[in-house]
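Please read the structure below before turning to the comments.
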There are 2 protein chains.
Amino acid sequence: MDLATTAKPHDRLAEALKGDMEAVNAMIRARMASEHAPRIPEVTAHLVEAGGKRLRPMLTLAAARMCGYDGPYHVHLAATVEFIHTATLLHDDVVDDSKQRRGRPTANLLWDNTSSVLVGDYLFARSFQLMVETGSLRVLDILANASATIAEGEVLQLTAARNIATTEDTYLRVVRGKTAALFAAATEAGGVIAGASEARVTALRAYGDALGISFQIVDDLLDYRGTSATGKSVGDDFREGKLTLPVIRALAKADTEEREFWARCIGRGRVEAGDLDRAQDILDRHGALESTRRTALDWAERAKHALRALPDHELREMLEDLADYVVERIS
Amino acid sequence: MDLATTAKPHDRLAEALKGDMEAVNAMIRARMASEHAPRIPEVTAHLVEAGGKRLRPMLTLAAARMCGYDGPYHVHLAATVEFIHTATLLHDDVVDDSKQRRGRPTANLLWDNTSSVLVGDYLFARSFQLMVETGSLRVLDILANASATIAEGEVLQLTAARNIATTEDTYLRVVRGKTAALFAAATEAGGVIAGASEARVTALRAYGDALGISFQIVDDLLDYRGTSATGKSVGDDFREGKLTLPVIRALAKADTEEREFWARCIGRGRVEAGDLDRAQDILDRHGALESTRRTALDWAERAKHALRALPDHELREMLEDLADYVVERIS
């Protein structure tokens with residue numbers, strides 16, 4: 001078997017960026033330490049070492065390398081991006097009262113909510129120190145803006161929950177906040193630290209943004225049509241009253257009875273036996289799943305299209321394949 | 001009555017910095033806005049407009065002005081410092097499950113813990129954007145380090161709670177985290193943005209650090225000897241099992257019976273009727289309150305001493321008076 005052609009794109013990226021990723025992992029371990037508060041590395045290690053795919057730091061490294069960077073700071077930026085991501089997960093699990101993450105009990109379950117809140121704050125501060133070390137005000141600007149977009153998106157998701165008047169516009173804003181803002185900042189910052197041209201920086205940002213949106217729409221779609229094969233449990237968003245794209249599109253075509261169904265389940269959270277099946281039926285009947293699927297594919301195409309402004313490079317091909325891979329589960 | 005001599009030092013600072021503070025308040029209002037997530041300004045306004053003394057932003061403004069600054073960025077920095085402070089309060093109230101802050105119900109009580117966590121994250125990100133706008137990497141470095149110290153101190157406080165083996169060294173670290181780190185960063189950043197000499201920047205940092213430590217020790221002391229006149233309720237730390245300086249010093253002199261008393265009340269949280277009175281008795285008998293008081297006065301002296309490296313200025317006098325005022329409640 002030839003790894004170059006048969007392995008999954010993120011595994012090929014990990015292989016191509018092996019030396020860099022080792023440096024990133026070493027930096028993450030060094031910077032999550034706290035001499036005085038051992039709770040911090042305990043909580044962080046639980047999450048960081050749980051075997052996440054490290055997709056975001058790889059995006060930064062790939063972007064920088066693809067643009068010819070050979071300095072040291074792409075490693076700082078990749079670690080920054082992973083810390084921001086980890087801080088967000090810690091706070092998310094508190095907000096959602098989650099019990100499981102990456103197949104293991106969450107930090108808020110193993111320790112407590114307060115540890116998750118404070119260790120998240122610590123990691124965010126550490127990420128901030130790391131980016132200051134790069135000495136690039138432009139990179140700091142990108143990551144500061146991403147941080148604000150992430151937090152705003154989270155609040156927006158919280159306040160839009162159970163509101164069946166939520167628009168596609170709001171949905172997209174939430175998706176950018178929870179996923180695409182950090183993807184876009186990860187790729188853009190990689191280009192900026194490499195001193196890439198404005199056209200390439202813009203393209204890298206567009207790639208990250210579109211990839212992140214595609215990624216999140218697929219996730220939201222699988223919540224209604226996943227199977228055991230996709231490894232994703234079904235119906236979580238439905239039960240939690242999250243207004244995701246399939247539901248927003250089904251609501252746009254709903255008759256009075258269906259509208260009352262969504263208002264009861266999603267709006268008032270009164271879900272009864274058989275309701276998830278009925279939801280899936282309605283989504284299917286209005287073509288909401290199919291149209292959501294096409295939107296995810298569109299964004300994956302946009303991501304690949306953006307890459308055309310980048311130089312011909314094996315990493316560019318892997319990023320293209322990554323965009324295909326993200327939507328493969330729904331193709 | 002002559003405002004210059006009879007008003008409280010923070011009121012005189014507010015008067016001397018009036019124009020600047022108006023600009024800071026306008027910037028805070030503008031930057032706490034969120035077009036898309038109205039929950040954010042609601043929660044923030046509840047806290048920001050609750051009539052806090054704005055001590056930290058005034059420290060930044062005074063430091064910058066005293067060093068002859070006449071650019072615009074001290075306003076950004078002052079707003080930054082207030083945002084970091086507000087974000088910290090929001091998260092603290094979640095961590096401590098507080099119901100009241102500044103005489104009003106806390107945000108976590110009025111809305112929910114999740115809003116407090118996420119709006120805190122948003123304000124932290126906004127503060128980060130504001131400091132990037134100053135264009136000073138050195139200021140970013142100072143505030144990034146302060147953020148990490150704050151978060152580390154909070155985690156340390158969490159894990160040191162109910163541990164009667166806590167040392168004065170750990171206590172000081174917690175105090176620097178919860179209070180002095182931001183005071184020190186506030187004054188230091190003001191000097192740096194003004195382009196002050198290294199000697200002055202160091203002095204400003206030392207002032208903020210010592211003032212913050214003094215401020216927090218007074219607070220911890222009043223928790224055992226406050227009266228209705230000080231406006232501080234008594235016994236909160238005792239009931240919450242916080243190891244503050246008076247208790248650490250009383251424990252150092254405790255006999256077996258007293259040690260068991262502290263272990264039961266602070267260590268295991270089994271507080272019974274009459275225990276607070278007994279605690280106050282023990283603290284008094286061992287001179288722990290008096291020795292804590294002297295330590296607070298020492299830090300206030302250190303703060304004033306540090307100011308000698310600064311130029312002669314009416315603001316310098318107000319900062320000196322502020323150090324005296326902080327300990328006035330226990331003099």
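Simple scheme: letters A, B, ... for chains in structure tokens order, numbers from 1 for residues in each chain, numbers from 1 for ligands in the order shown.
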
Chain B residues within 9 Å of chain A, counting only C-alpha atoms: which ones, as a ChimeraX atom specification?
/B:34,36-40,91-92,94-96,113-115,117-130,132-133,135-138,140-141,143-159,170,173

Can you list, as a PDB file with N, CA, C and O atoms, in the first residue's frame, every residue of region 222-281 of chain B that DSSP puts in alpha helix (DSSP H)?
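Result went into selection_17.pdb, see below:
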ATOM      1  N   LEU B 222     -10.272  41.994  56.570  1.00  0.00           N
ATOM      2  CA  LEU B 222     -11.620  42.472  56.921  1.00  0.00           C
ATOM      3  C   LEU B 222     -12.633  41.333  56.947  1.00  0.00           C
ATOM      4  O   LEU B 222     -13.664  41.437  57.603  1.00  0.00           O
ATOM      5  N   ASP B 223     -12.307  40.247  56.270  1.00  0.00           N
ATOM      6  CA  ASP B 223     -13.219  39.108  56.310  1.00  0.00           C
ATOM      7  C   ASP B 223     -13.298  38.532  57.730  1.00  0.00           C
ATOM      8  O   ASP B 223     -14.254  37.843  58.075  1.00  0.00           O
ATOM      9  N   TYR B 224     -12.306  38.818  58.558  1.00  0.00           N
ATOM     10  CA  TYR B 224     -12.336  38.370  59.963  1.00  0.00           C
ATOM     11  C   TYR B 224     -12.594  39.487  60.961  1.00  0.00           C
ATOM     12  O   TYR B 224     -12.962  39.243  62.084  1.00  0.00           O
ATOM     13  N   ARG B 225     -12.363  40.739  60.549  1.00  0.00           N
ATOM     14  CA  ARG B 225     -12.598  41.793  61.542  1.00  0.00           C
ATOM     15  C   ARG B 225     -13.379  42.976  60.993  1.00  0.00           C
ATOM     16  O   ARG B 225     -13.353  44.060  61.541  1.00  0.00           O
ATOM     17  N   ASP B 236     -17.029  35.152  55.141  1.00  0.00           N
ATOM     18  CA  ASP B 236     -17.204  34.463  53.851  1.00  0.00           C
ATOM     19  C   ASP B 236     -16.039  33.512  53.555  1.00  0.00           C
ATOM     20  O   ASP B 236     -16.241  32.359  53.183  1.00  0.00           O
ATOM     21  N   ASP B 237     -14.814  34.020  53.709  1.00  0.00           N
ATOM     22  CA  ASP B 237     -13.638  33.197  53.417  1.00  0.00           C
ATOM     23  C   ASP B 237     -13.595  31.984  54.348  1.00  0.00           C
ATOM     24  O   ASP B 237     -13.235  30.881  53.932  1.00  0.00           O
ATOM     25  N   PHE B 238     -13.958  32.225  55.616  1.00  0.00           N
ATOM     26  CA  PHE B 238     -13.964  31.155  56.618  1.00  0.00           C
ATOM     27  C   PHE B 238     -14.915  30.037  56.185  1.00  0.00           C
ATOM     28  O   PHE B 238     -14.550  28.862  56.151  1.00  0.00           O
ATOM     29  N   ARG B 239     -16.112  30.419  55.791  1.00  0.00           N
ATOM     30  CA  ARG B 239     -17.100  29.419  55.376  1.00  0.00           C
ATOM     31  C   ARG B 239     -16.718  28.756  54.051  1.00  0.00           C
ATOM     32  O   ARG B 239     -17.018  27.592  53.825  1.00  0.00           O
ATOM     33  N   GLU B 240     -16.053  29.517  53.168  1.00  0.00           N
ATOM     34  CA  GLU B 240     -15.675  28.949  51.863  1.00  0.00           C
ATOM     35  C   GLU B 240     -14.355  28.182  51.920  1.00  0.00           C
ATOM     36  O   GLU B 240     -13.918  27.623  50.908  1.00  0.00           O
ATOM     37  N   LEU B 245      -4.184  34.934  54.773  1.00  0.00           N
ATOM     38  CA  LEU B 245      -3.005  35.178  55.613  1.00  0.00           C
ATOM     39  C   LEU B 245      -3.260  35.062  57.117  1.00  0.00           C
ATOM     40  O   LEU B 245      -2.460  34.421  57.826  1.00  0.00           O
ATOM     41  N   PRO B 246      -4.357  35.636  57.646  1.00  0.00           N
ATOM     42  CA  PRO B 246      -4.558  35.505  59.093  1.00  0.00           C
ATOM     43  C   PRO B 246      -4.595  34.031  59.530  1.00  0.00           C
ATOM     44  O   PRO B 246      -3.974  33.668  60.526  1.00  0.00           O
ATOM     45  N   VAL B 247      -5.305  33.212  58.782  1.00  0.00           N
ATOM     46  CA  VAL B 247      -5.443  31.802  59.157  1.00  0.00           C
ATOM     47  C   VAL B 247      -4.103  31.071  59.007  1.00  0.00           C
ATOM     48  O   VAL B 247      -3.722  30.270  59.874  1.00  0.00           O
ATOM     49  N   ILE B 248      -3.373  31.367  57.924  1.00  0.00           N
ATOM     50  CA  ILE B 248      -2.074  30.716  57.729  1.00  0.00           C
ATOM     51  C   ILE B 248      -1.150  31.045  58.909  1.00  0.00           C
ATOM     52  O   ILE B 248      -0.460  30.170  59.436  1.00  0.00           O
ATOM     53  N   ARG B 249      -1.199  32.286  59.364  1.00  0.00           N
ATOM     54  CA  ARG B 249      -0.337  32.684  60.491  1.00  0.00           C
ATOM     55  C   ARG B 249      -0.819  32.094  61.820  1.00  0.00           C
ATOM     56  O   ARG B 249      -0.004  31.747  62.675  1.00  0.00           O
ATOM     57  N   ALA B 250      -2.120  31.980  61.992  1.00  0.00           N
ATOM     58  CA  ALA B 250      -2.636  31.360  63.217  1.00  0.00           C
ATOM     59  C   ALA B 250      -2.311  29.869  63.225  1.00  0.00           C
ATOM     60  O   ALA B 250      -2.015  29.288  64.268  1.00  0.00           O
ATOM     61  N   LEU B 251      -2.374  29.253  62.059  1.00  0.00           N
ATOM     62  CA  LEU B 251      -2.045  27.817  61.965  1.00  0.00           C
ATOM     63  C   LEU B 251      -0.589  27.555  62.331  1.00  0.00           C
ATOM     64  O   LEU B 251      -0.259  26.534  62.946  1.00  0.00           O
ATOM     65  N   ALA B 252       0.282  28.510  61.986  1.00  0.00           N
ATOM     66  CA  ALA B 252       1.710  28.344  62.302  1.00  0.00           C
ATOM     67  C   ALA B 252       1.938  28.308  63.806  1.00  0.00           C
ATOM     68  O   ALA B 252       2.922  27.747  64.282  1.00  0.00           O
ATOM     69  N   THR B 256      -2.463  21.572  69.257  1.00  0.00           N
ATOM     70  CA  THR B 256      -3.168  20.430  68.651  1.00  0.00           C
ATOM     71  C   THR B 256      -4.675  20.675  68.531  1.00  0.00           C
ATOM     72  O   THR B 256      -5.291  20.383  67.509  1.00  0.00           O
ATOM     73  N   GLU B 257      -5.234  21.253  69.589  1.00  0.00           N
ATOM     74  CA  GLU B 257      -6.680  21.465  69.597  1.00  0.00           C
ATOM     75  C   GLU B 257      -7.085  22.504  68.538  1.00  0.00           C
ATOM     76  O   GLU B 257      -8.075  22.330  67.819  1.00  0.00           O
ATOM     77  N   GLU B 258      -6.315  23.568  68.464  1.00  0.00           N
ATOM     78  CA  GLU B 258      -6.624  24.610  67.477  1.00  0.00           C
ATOM     79  C   GLU B 258      -6.448  24.077  66.046  1.00  0.00           C
ATOM     80  O   GLU B 258      -7.242  24.377  65.152  1.00  0.00           O
ATOM     81  N   ARG B 259      -5.416  23.314  65.872  1.00  0.00           N
ATOM     82  CA  ARG B 259      -5.179  22.722  64.545  1.00  0.00           C
ATOM     83  C   ARG B 259      -6.373  21.866  64.122  1.00  0.00           C
ATOM     84  O   ARG B 259      -6.823  21.914  62.972  1.00  0.00           O
ATOM     85  N   GLU B 260      -6.906  21.110  65.065  1.00  0.00           N
ATOM     86  CA  GLU B 260      -8.081  20.288  64.766  1.00  0.00           C
ATOM     87  C   GLU B 260      -9.293  21.178  64.461  1.00  0.00           C
ATOM     88  O   GLU B 260     -10.095  20.880  63.568  1.00  0.00           O
ATOM     89  N   PHE B 261      -9.379  22.304  65.170  1.00  0.00           N
ATOM     90  CA  PHE B 261     -10.462  23.256  64.905  1.00  0.00           C
ATOM     91  C   PHE B 261     -10.391  23.782  63.463  1.00  0.00           C
ATOM     92  O   PHE B 261     -11.378  23.763  62.715  1.00  0.00           O
ATOM     93  N   TRP B 262      -9.202  24.232  63.047  1.00  0.00           N
ATOM     94  CA  TRP B 262      -9.040  24.741  61.670  1.00  0.00           C
ATOM     95  C   TRP B 262      -9.255  23.620  60.648  1.00  0.00           C
ATOM     96  O   TRP B 262      -9.838  23.850  59.584  1.00  0.00           O
ATOM     97  N   ASP B 275     -18.496  29.033  65.667  1.00  0.00           N
ATOM     98  CA  ASP B 275     -17.136  28.777  65.171  1.00  0.00           C
ATOM     99  C   ASP B 275     -16.439  30.041  64.670  1.00  0.00           C
ATOM    100  O   ASP B 275     -15.234  30.194  64.861  1.00  0.00           O
ATOM    101  N   LEU B 276     -17.194  30.927  64.017  1.00  0.00           N
ATOM    102  CA  LEU B 276     -16.565  32.146  63.513  1.00  0.00           C
ATOM    103  C   LEU B 276     -16.034  32.995  64.679  1.00  0.00           C
ATOM    104  O   LEU B 276     -14.914  33.511  64.620  1.00  0.00           O
ATOM    105  N   ASP B 277     -16.840  33.081  65.752  1.00  0.00           N
ATOM    106  CA  ASP B 277     -16.377  33.811  66.943  1.00  0.00           C
ATOM    107  C   ASP B 277     -15.103  33.175  67.492  1.00  0.00           C
ATOM    108  O   ASP B 277     -14.154  33.866  67.835  1.00  0.00           O
ATOM    109  N   ARG B 278     -15.102  31.857  67.546  1.00  0.00           N
ATOM    110  CA  ARG B 278     -13.933  31.175  68.087  1.00  0.00           C
ATOM    111  C   ARG B 278     -12.715  31.417  67.184  1.00  0.00           C
ATOM    112  O   ARG B 278     -11.600  31.647  67.685  1.00  0.00           O
ATOM    113  N   ALA B 279     -12.947  31.384  65.872  1.00  0.00           N
ATOM    114  CA  ALA B 279     -11.859  31.645  64.922  1.00  0.00           C
ATOM    115  C   ALA B 279     -11.272  33.036  65.170  1.00  0.00           C
ATOM    116  O   ALA B 279     -10.052  33.212  65.242  1.00  0.00           O
ATOM    117  N   GLN B 280     -12.159  34.013  65.324  1.00  0.00           N
ATOM    118  CA  GLN B 280     -11.698  35.387  65.553  1.00  0.00           C
ATOM    119  C   GLN B 280     -10.904  35.491  66.860  1.00  0.00           C
ATOM    120  O   GLN B 280      -9.878  36.153  66.916  1.00  0.00           O
ATOM    121  N   ASP B 281     -11.378  34.780  67.887  1.00  0.00           N
ATOM    122  CA  ASP B 281     -10.668  34.713  69.171  1.00  0.00           C
ATOM    123  C   ASP B 281      -9.247  34.181  69.000  1.00  0.00           C
ATOM    124  O   ASP B 281      -8.282  34.763  69.493  1.00  0.00           O
TER     125      ASP B 281
END

Got a sec: who's within 10 Å of Ala63 (chain B), counting only C-alpha atoms, leaving out chain neighbours fewer than 2 positions off, as a PyMOL selection string?
chain B and resi 57-61+65-69+74+186-194+196+200-201+204-205+208+310+315-316+319

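Minimum atom-to-atom distance to Asp298 (chain A), evaluated using only C-alpha atoms, belongs to A:Leu211 out of A:Leu211, A:Ala180, A:Thr244, A:Thr167.
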
Nearest to Thr179 (chain A) by atom-to-atom distance, counting only C-alpha atoms, from A:Asp220, A:Glu15, A:Glu198, A:Asn163:
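The answer is A:Asp220, which sits nearest to Thr179 (chain A).
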
In Å, with one decimal, what is the gap from CA of Tyr207 (chain A) to CA of Val327 (chain A)?
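About the pair CA of Tyr207 (chain A) and CA of Val327 (chain A): they are 14.5 Å apart.
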
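Here the question is which of B:Ala184, B:Val24, B:Leu55, B:Ile217 gets nearest to His10 (chain B) using only C-alpha atoms, and that residue is B:Leu55.
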
Which of these residues is nearest to Thr292 (chain B), using only C-alpha atoms: B:Val48, B:Val75, B:Ile213, B:Ala323?
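Among B:Val48, B:Val75, B:Ile213, B:Ala323, it is B:Ile213 that comes nearest to Thr292 (chain B).
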
Interatomic distance, CA of Pro105 (chain B) to CA of Phe215 (chain B) (Å, one decimal):
23.8 Å

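Rounded to one decimal, CA of Pro9 (chain B) and CA of Asp324 (chain B) lie 9.1 Å from each other.
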